[in-house]
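**Q** Can you read through this structure? Questions will come right after.
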Amino acid sequence: MREITYQAAIRETLGEELRRDEKVIVMGEDIGDFGGLTETTIGLIDEFGPKRIIETPISECGFVGAAIGAAIQGVRPVVELGLADVILVAMDQIVNTAAKMNYFYDGKSSVPVVFRVWSGFRPSGGPQQSQSNEAMFAHVPGLKVVMPSTAYDLKGLLKSAIRDDNPVVFYEPKGVYQNTSSVPDDDYVIPLGLADVKREGDDATIIAMGAMVPTALAAAEELSKDGISVDVVDPRTLRPLDTDTLVASVSKTGRCIIVHEANTFGGFGGEIAATLADLAFDKLKAPIKRIGGLEAPVPVSPSLEGAAVPGQDDIIETVRALI
Amino acid sequence: MSLSAENLLDLYRTMLLIRRFEETAFIKATEGIYANYHGGMGQEAIPAGVCHGLKATDKTMITHRGLGVLLARGITVEQIFAGLYAKLTSPTRGRIPVYHMGEPDLGILAGTSMVGSVVPLAVGSALADQLAGHNNVTISFFGDGAVNRGDVHEGMNLACVRKLPIVFFCENNFYAKSTPLELSTAGGSIVARAQGYGIEGHLIDGNDVTTVHEATQHAIERARAGDGPTFIECETYRWTPHSTAGDREFARTEEELAQWKAKCPIKRLEKQLLDSNQASADQLQKIDQEILAQVEQAIDFAAAAPYAPRETAIENVYR
């Protein structure tokens, strides 16, 4: 099977979905000839034209609202917001409008819209270009939240998100953008709400999200040299959350470490920890541990980069301390 | 195209239905049957004049003061009262405020509580029609209180860039809740902003139903012809406080209210119909009696209807 990057998988998926369903459109800033901040829309305007590849003014409330309004009429917009930090500009439209519209229309219409965001740490990004704010949206009933960590998962999940009749906030972590994985040529989907066990082991479960998945896998590899074997589980979808897979893994290992780029306080790891404490308390041999980013704005200085997001060593130390 | 006697009577009936609805809705709110009712009494020419002649496939996006639009588009007074009473028999099943109602079959778009955030949503509706090649128009209502919201500017700008089939309809009743226009809006004119978008803007008398109707029809024709958005600002006045949820009057005076009551849109059309012999006093009185009976029945219907059962609270959060 061919290997492609996460970024290339996004571009491919958008093209395939635009070809498959004429209701699909793409909206966002600089997504025309420029190809978007993330360079994932390169070439789309040549094939699909400016009617379906809608390059918008810098006005996130305006075009996010318009995407929601169009979705209610049966259009299926895929909105590229660029940096995850930028989605906060349009939070009113997403939280107060998109998330409520199924309830308002009460089954008479739906809101098939995807909001793509490029999340997490990047060098030179700083406090307003490196955030991981997925927990804010995962908190909201009416939204779905997805965060794939591999090119394979990305493609199957983005297709599901585009074909879903609910508003989906779709996190694409910068840390995995250039990572490659095997991706089949054939059309496939991965259902939303299905976690994936990325590596199997018996001594502990590392639940990792987004860019922390490859970091957790590297940590697992190191730990195996000392005879410690771990499950690495990627929830892939935060809402709806696949609690069954998480509970099954923790029930097997008895230990759980949750890792994400976002800071720990109020982060999504808290929701997972509470769920496991509720459903697998009697299987736990040790307290549930959470590892997250700094409780501070993400700094830009190269000397502080290492402190901004969890690293392999943080995970290894935490696992060792539990065993 | 001038309005026939039949058209004028239709407009009269619609305005009077809205007025009788508004009167009763206000009384029931002050009796404490429901709170937080945003009355539109005095502004009836706008929903009647704008919606007259719309196709069911045309869309209207209202504000929280837009229940008259729902009536003008075919929601019954029974359904609205059931909604205000938060009863199961409303199209909302009583689960949401009635101004959030979405009825695709009648072209009614679900509105929001965030003043101005409806404009980008309405723009999206027009975008969908443009993409599909449908010849429909979206009417985006908003008040003077919304015009300084970024959403309104962003939505209007996007619609103008893409020449979408939409009418921006600003109901200027001079007060955003308690704040008078001069404290909220720079430049001295709302309609002047149309120039900045390079579109037609018209300032009209919002208490004259014929003027409202004709200005809207002109804008609709432009939209259907592919000429893009038009901005209409109409001047009007609400006769009741911003809402019944403990809102007191500050800036608005009795004198000002009296001046505007003298410009009652219904009395004006009534005079026009009688003076031109297009209707008789008896005929108009009969219409009123029918409407009053209809409103009374609607109240009884709403009062007697059941509330939504508990399990419905989590229905249709997702599709």
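Just so we're on the same page: first chain in the structure tokens is A, next is B, and so on; residues restart at 1 for each chain, and ligands are numbered from 1 in the order they show up.
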Per DSSP on the backbone, filter stretch 166-249 of chain A down to the residues in strand (DSSP E) and report them as a list in words.
**A**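 Answer for stretch 166-249 of chain A restricted to strand (DSSP E) is Val168, Val169, Phe170, Tyr171, Glu172, Pro173, Thr180, Ser181, Ser182, Asp196, Val197, Lys198, Arg199, Ala204, Thr205, Ile206, Ile207, Ala208, Val230, Asp231, Val232, Val233, Asp234, Thr237, Leu238 and Arg239 of chain A.
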**Q** Which residues, written as a ChimeraX atom specification, have at least one atom at most 7 Å from stretch 305-317 of chain A, with only C-alpha atoms counted and residues fewer than 2 positions away on the same chain left out?
**A** /A:215-216,218-219,223,261,291-294,298-303,319-321
**Q** Next, the residues of the selection above should be written as a tab-separated table (two decimals), in the first residue's frame with C-alpha atoms.
**A**
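Resulting contents of selection_30.tsv:
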```tsv
chain	number	residue	atom	x	y	z
A	215	THR	CA	4.96	10.55	21.05
A	216	ALA	CA	3.16	7.94	23.15
A	218	ALA	CA	7.74	6.25	20.85
A	219	ALA	CA	7.53	6.19	24.65
A	223	LEU	CA	9.45	1.25	27.79
A	261	GLU	CA	-1.12	18.79	23.96
A	291	ILE	CA	-0.12	14.76	31.20
A	292	GLY	CA	-0.79	17.99	29.35
A	293	GLY	CA	0.78	21.21	28.14
A	294	LEU	CA	1.84	24.15	30.27
A	298	VAL	CA	2.20	28.71	24.67
A	299	PRO	CA	5.56	30.53	24.57
A	300	VAL	CA	7.52	31.20	21.42
A	301	SER	CA	11.10	31.12	22.70
A	302	PRO	CA	13.08	28.09	21.46
A	303	SER	CA	14.32	27.63	25.03
A	319	VAL	CA	4.42	5.22	33.42
A	320	ARG	CA	7.42	4.06	35.42
A	321	ALA	CA	6.16	5.82	38.53
```
**Q** Out of B:Gly133, B:Gly246, B:Gly32, B:Gly150, which residue has the shortest atom-to-atom distance to chain A when counting only C-alpha atoms?
**A**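 Nearest to chain A: B:Gly150.
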**Q** List the neighbours of stretch 154-166 of chain B out to 10 Å using only C-alpha atoms; skip same-chain residues closer than 4 positions along the sequence, and give me the result as a VMD selection string.
**A** (chain A and resid 51 54 56 to 66) or (chain B and resid 58 to 60 116 to 131 134 to 140 149 to 150 194 196 to 199 219 to 231)
**Q** So that I have them on file, write out the residues from the current selection with C-alpha atoms, as a CSV table (one decimal), in the first residue's frame.
**A**
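The resulting result05.csv:
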```
chain,number,residue,atom,x,y,z
A,51,LYS,CA,-18.6,28.4,-7.1
A,54,ILE,CA,-15.4,29.7,-1.9
A,56,THR,CA,-13.9,34.1,1.8
A,57,PRO,CA,-13.0,37.5,3.2
A,58,ILE,CA,-11.2,37.5,6.6
A,59,SER,CA,-14.5,37.4,8.5
A,60,GLU,CA,-14.8,34.2,10.5
A,61,CYS,CA,-18.2,35.0,12.0
A,62,GLY,CA,-19.6,35.9,8.6
A,63,PHE,CA,-18.5,32.9,6.6
A,64,VAL,CA,-18.9,30.4,9.5
A,65,GLY,CA,-22.5,31.7,9.9
A,66,ALA,CA,-23.0,31.5,6.2
B,58,ASP,CA,-38.5,32.2,-0.3
B,59,LYS,CA,-36.9,32.5,3.2
B,60,THR,CA,-37.4,34.8,6.1
B,116,GLY,CA,-27.2,40.3,14.7
B,117,SER,CA,-25.9,36.7,14.4
B,118,VAL,CA,-28.9,35.9,12.2
B,119,VAL,CA,-27.5,37.9,9.3
B,120,PRO,CA,-24.7,35.5,8.3
B,121,LEU,CA,-27.1,32.6,8.6
B,122,ALA,CA,-29.5,34.3,6.3
B,123,VAL,CA,-26.6,35.0,3.9
B,124,GLY,CA,-25.9,31.2,4.0
B,125,SER,CA,-29.5,30.5,3.0
B,126,ALA,CA,-29.1,32.9,0.0
B,127,LEU,CA,-25.8,31.2,-0.8
B,128,ALA,CA,-27.5,27.8,-0.9
B,129,ASP,CA,-30.2,29.1,-3.3
B,130,GLN,CA,-27.5,30.7,-5.5
B,131,LEU,CA,-25.5,27.4,-5.6
B,134,HIS,CA,-33.0,28.4,-7.4
B,135,ASN,CA,-34.7,31.7,-8.0
B,136,ASN,CA,-35.5,32.2,-4.3
B,137,VAL,CA,-34.9,35.2,-2.2
B,138,THR,CA,-34.0,35.4,1.5
B,139,ILE,CA,-35.2,38.3,3.6
B,140,SER,CA,-32.9,39.0,6.6
B,149,ARG,CA,-22.5,44.0,15.3
B,150,GLY,CA,-19.5,42.6,13.4
B,194,ALA,CA,-25.3,50.5,2.0
B,196,GLY,CA,-20.0,51.2,1.5
B,197,TYR,CA,-21.1,47.9,0.2
B,198,GLY,CA,-21.8,49.3,-3.2
B,199,ILE,CA,-25.5,48.3,-3.1
B,219,ALA,CA,-35.5,44.6,-3.8
B,220,ILE,CA,-36.9,41.1,-4.4
B,221,GLU,CA,-37.0,41.7,-8.2
B,222,ARG,CA,-33.4,42.8,-8.1
B,223,ALA,CA,-32.4,39.7,-6.2
B,224,ARG,CA,-34.3,37.4,-8.5
B,225,ALA,CA,-32.7,39.1,-11.5
B,226,GLY,CA,-29.2,38.3,-10.1
B,227,ASP,CA,-28.5,41.9,-9.1
B,228,GLY,CA,-27.6,41.0,-5.6
B,229,PRO,CA,-28.5,42.4,-2.2
B,230,THR,CA,-30.5,45.5,-1.4
B,231,PHE,CA,-30.6,47.3,1.9
```
**Q** So which residues touch stretch 190-197 of chain A within 7 Å, counting only C-alpha atoms, skipping near sequence neighbours fewer than 5 positions away, as a compact mmCIF listing (two decimals) with C-alpha atoms, in the first residue's frame?
**A**
```txt
# COMPACT_ATOMS: atom_id res chain seq x y z
CA GLY A 156 -11.61 7.72 6.94
CA LEU A 157 -12.72 10.17 9.62
CA SER A 160 -17.35 10.36 7.82
CA ASP A 231 -1.61 -0.24 25.35
CA VAL A 232 -1.63 2.98 23.36
CA VAL A 233 -5.21 3.99 22.65
CA ASP A 234 -6.23 6.88 20.42
CA PRO A 235 -9.85 7.97 21.01
CA ARG A 236 -9.81 9.63 17.54
CA THR A 237 -13.26 11.09 18.24
CA ARG A 239 -17.47 13.50 21.06
CA PRO A 240 -19.04 10.98 20.78
CA LEU A 241 -16.41 9.21 22.91
CA ASP A 242 -15.82 5.48 22.54
CA THR A 245 -12.65 0.69 24.07
```
**Q** Just asking: which residues within stretch 77-115 of chain B are alpha helix (DSSP H) according to DSSP, as a list of chain:residue names?
**A**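 These are the residues in question: B:Val77, B:Glu78, B:Gln79, B:Ile80, B:Phe81, B:Ala82, B:Gly83, B:Leu84.
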**Q** My list of candidates is A:Ile10, A:Ala204, A:Met212, A:Ile31. Which is closest to A:Lys289 when distances are computed with only C-alpha atoms?
**A**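 Checking each candidate against A:Lys289, we get A:Ala204 as the closest.
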**Q** Pick out the residues sitting within 9 Å of B:Phe142, and hand them over as a VMD selection string; count only C-alpha atoms, and ignore anything fewer than 3 positions along from it in its own chain.
**A** chain B and resid 61 to 63 115 to 116 118 to 119 145 to 147 152 168 to 172
**Q** Between atom CA of B:Ile314 and atom CA of B:Ser113, measure the distance and give it in Å to one decimal.
**A**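 Distance between the two atoms: 20.5 Å.
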**Q** List the neighbours of stretch 293-310 of chain B out to 8 Å using only C-alpha atoms; skip same-chain residues closer than 3 positions along the sequence, and give me the result as a ChimeraX atom specification.
**A** /B:20-21,24,77-79,81-82,85-89,93-95,289-290,313
**Q** Could you name the residues that touch A:Ser119 at 12 Å or less, counting only C-alpha atoms, but leaving out those on the same chain fewer than 5 positions away, as a PyMOL selection string?
**A** chain A and resi 38+81-87+125+128-134+146-149+169-177+209-211+260-262
**Q** Hey, which bits of chain A sit within 10 Å of chain B, and for each residue what's the closest pair of atoms and how far apart in Å (one decimal), counting only C-alpha atoms, rows by chain and increasing number, as a Markdown table?
**A**
```
| residue | atom | partner | partner_atom | distance |
| --- | --- | --- | --- | --- |
| A:Glu22 | CA | B:Ala132 | CA | 9.9 |
| A:Lys23 | CA | B:Ala132 | CA | 8.8 |
| A:Ile25 | CA | B:Leu131 | CA | 9.6 |
| A:Lys51 | CA | B:Leu131 | CA | 7.1 |
| A:Arg52 | CA | B:Leu131 | CA | 8.0 |
| A:Ile54 | CA | B:Arg162 | CA | 9.5 |
| A:Thr56 | CA | B:Leu158 | CA | 7.4 |
| A:Pro57 | CA | B:Leu158 | CA | 7.1 |
| A:Ile58 | CA | B:Glu154 | CA | 8.8 |
| A:Ser59 | CA | B:Glu154 | CA | 5.8 |
| A:Glu60 | CA | B:Glu154 | CA | 8.1 |
| A:Cys61 | CA | B:Asp151 | CA | 5.8 |
| A:Gly62 | CA | B:Glu154 | CA | 4.6 |
| A:Phe63 | CA | B:Pro120 | CA | 6.9 |
| A:Val64 | CA | B:Pro120 | CA | 7.8 |
| A:Gly65 | CA | B:Pro120 | CA | 4.7 |
| A:Ala66 | CA | B:Gly124 | CA | 3.6 |
| A:Ala67 | CA | B:Gly124 | CA | 5.7 |
| A:Ile68 | CA | B:Leu121 | CA | 6.3 |
| A:Gly69 | CA | B:Gly124 | CA | 4.1 |
| A:Ala70 | CA | B:Gly124 | CA | 4.2 |
| A:Ala71 | CA | B:Gly124 | CA | 7.8 |
| A:Ile72 | CA | B:Ser125 | CA | 7.6 |
| A:Gln73 | CA | B:Ala128 | CA | 6.2 |
| A:Gly74 | CA | B:Ala128 | CA | 7.6 |
| A:Val75 | CA | B:Ala128 | CA | 6.3 |
| A:Arg76 | CA | B:Ala128 | CA | 9.7 |
| A:Ala90 | CA | B:Asp151 | CA | 9.6 |
| A:Asp92 | CA | B:Ser117 | CA | 8.2 |
| A:Gln93 | CA | B:Ser117 | CA | 7.2 |
| A:Asn96 | CA | B:Thr112 | CA | 7.9 |
| A:Thr97 | CA | B:Thr112 | CA | 7.1 |
| A:Ala98 | CA | B:Leu121 | CA | 9.9 |
| A:Ala99 | CA | B:Val317 | CA | 8.0 |
| A:Lys100 | CA | B:Val317 | CA | 7.3 |
| A:Met101 | CA | B:Ala110 | CA | 7.6 |
| A:Asn102 | CA | B:Val317 | CA | 5.8 |
| A:Tyr103 | CA | B:Val317 | CA | 5.1 |
| A:Phe104 | CA | B:Met101 | CA | 6.0 |
| A:Tyr105 | CA | B:Gly102 | CA | 4.9 |
| A:Asp106 | CA | B:Asn316 | CA | 5.7 |
| A:Gly107 | CA | B:Asn316 | CA | 6.1 |
| A:Lys108 | CA | B:Pro104 | CA | 6.9 |
| A:Ser109 | CA | B:Pro104 | CA | 7.3 |
| A:Ser110 | CA | B:Arg319 | CA | 6.7 |
| A:Val111 | CA | B:Arg319 | CA | 8.5 |
| A:Pro112 | CA | B:Arg319 | CA | 9.5 |
| A:Pro141 | CA | B:Val317 | CA | 6.9 |
| A:Gly142 | CA | B:Val317 | CA | 5.3 |
| A:Leu143 | CA | B:Tyr318 | CA | 8.0 |
| A:Lys144 | CA | B:Tyr318 | CA | 9.1 |
| A:Asp164 | CA | B:Arg319 | CA | 8.5 |
| A:Asp165 | CA | B:Arg319 | CA | 6.1 |
| A:Asn166 | CA | B:Arg319 | CA | 6.3 |
| A:Pro167 | CA | B:Tyr318 | CA | 9.0 |
```
**Q** Measuring atom to atom with only C-alpha atoms, identify which of B:Asp282, B:Asp10, B:Glu44, B:Glu182 is nearest to B:Trp239.
**A**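 Of B:Asp282, B:Asp10, B:Glu44, B:Glu182, the one nearest B:Trp239 is B:Glu44, counting only C-alpha atoms.
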**Q** Counting only C-alpha atoms, figure out which residue out of B:Gly206, B:Gly83, B:Gly74, B:Gly40 gets nearest to B:Lys55.
**A** B:Gly74
**Q** Counting only C-alpha atoms, figure out which residue out of A:Val213, A:Val189, A:Val183, A:Val259 gets nearest to A:Thr5.
**A**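 Closest to A:Thr5 of all the choices is A:Val183.
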